[in-house]
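Visitor: Dumping the structure here so I can ask a few things about it.
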Amino acid sequence: MIRISGSFTQIVLAWMSRRGIGSQQLSTRLALLAEKDTISAVEWRALLAEAAALSPGQPAGIHIGA
């Protein structure tokens with residue numbers, strides 16, 4: 001089973017900040033998950049998809065973390 005470090009959620013928060021994406025609900029979830037040691041790969045992919053959906057028409061994949 002693949003697990004992702006909870007601290008990786010900070011990457012998404014930083015990307016959202018750079019893009020000017022303001023989603024209090026997602027930001028709160030990401031902040032709470034940052035406190036966990038790991039999150040599942042399924043949850044990670046869902047978070048990335050949710051973040052990308054908040055920036056339609058803009059490529060997100062490789063830009064998150066860049």
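Here's how to read the names in the structure tokens: chain A, B, ... by the order shown, residue numbers from 1 in each chain, ligand numbers from 1 in the order shown.
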Residues within 7 Å of stretch 2-6 of chain A, please, as a PyMOL selection string. Count only C-alpha atoms; anything in the same chain fewer than 2 positions from it doesn't count.

Guide: chain A and resi 8-9+33-41

Visitor: Which residues in chain A does DSSP call helix (DSSP H, G or I)? List them as a VMD selection string.

Guide: chain A and resid 6 to 19 24 to 34 41 to 53 61 to 63

Visitor: If we count only C-alpha atoms, what is near A:Met16 at a cut-off of 10 Å, once residues fewer than 6 positions away on the same chain are taken out, given as a PyMOL selection string?

Guide: chain A and resi 10+22-23+26-27+51-52+54-55+64

Visitor: As an exercise, work out the distance from atom CA of A:Ser7 to atom CA of A:Arg19 in Å and give it to one decimal place.

Guide: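 Atom CA of A:Arg19 lies at a distance of 19.7 Å from atom CA of A:Ser7.
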
Visitor: Could you tell me, as JSON, numbers by chain, which residues of chain A DSSP assigns to strand (DSSP E or B) when given the backbone?

Guide: {"A": [3, 4, 5, 38, 39, 40]}

Visitor: Could you jot down the atom CA of A:Leu47 to atom CA of A:Leu30 separation for me, Å, one decimal place?

Guide: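 Separating atom CA of A:Leu47 from atom CA of A:Leu30 is a distance of 8.2 Å.
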
Visitor: Counting only C-alpha atoms, which residue out of A:Val12, A:Ser17, A:Met1, A:Leu32 sits closest to A:Ala46?

Guide: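 Closest to A:Ala46 of all the choices is A:Val12.
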
Visitor: Please report the interatomic distance between atom CA of A:Arg18 and atom CA of A:Glu43 in Å with one decimal.

Guide: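 One can read the atom CA of A:Arg18 to atom CA of A:Glu43 distance as 22.6 Å.
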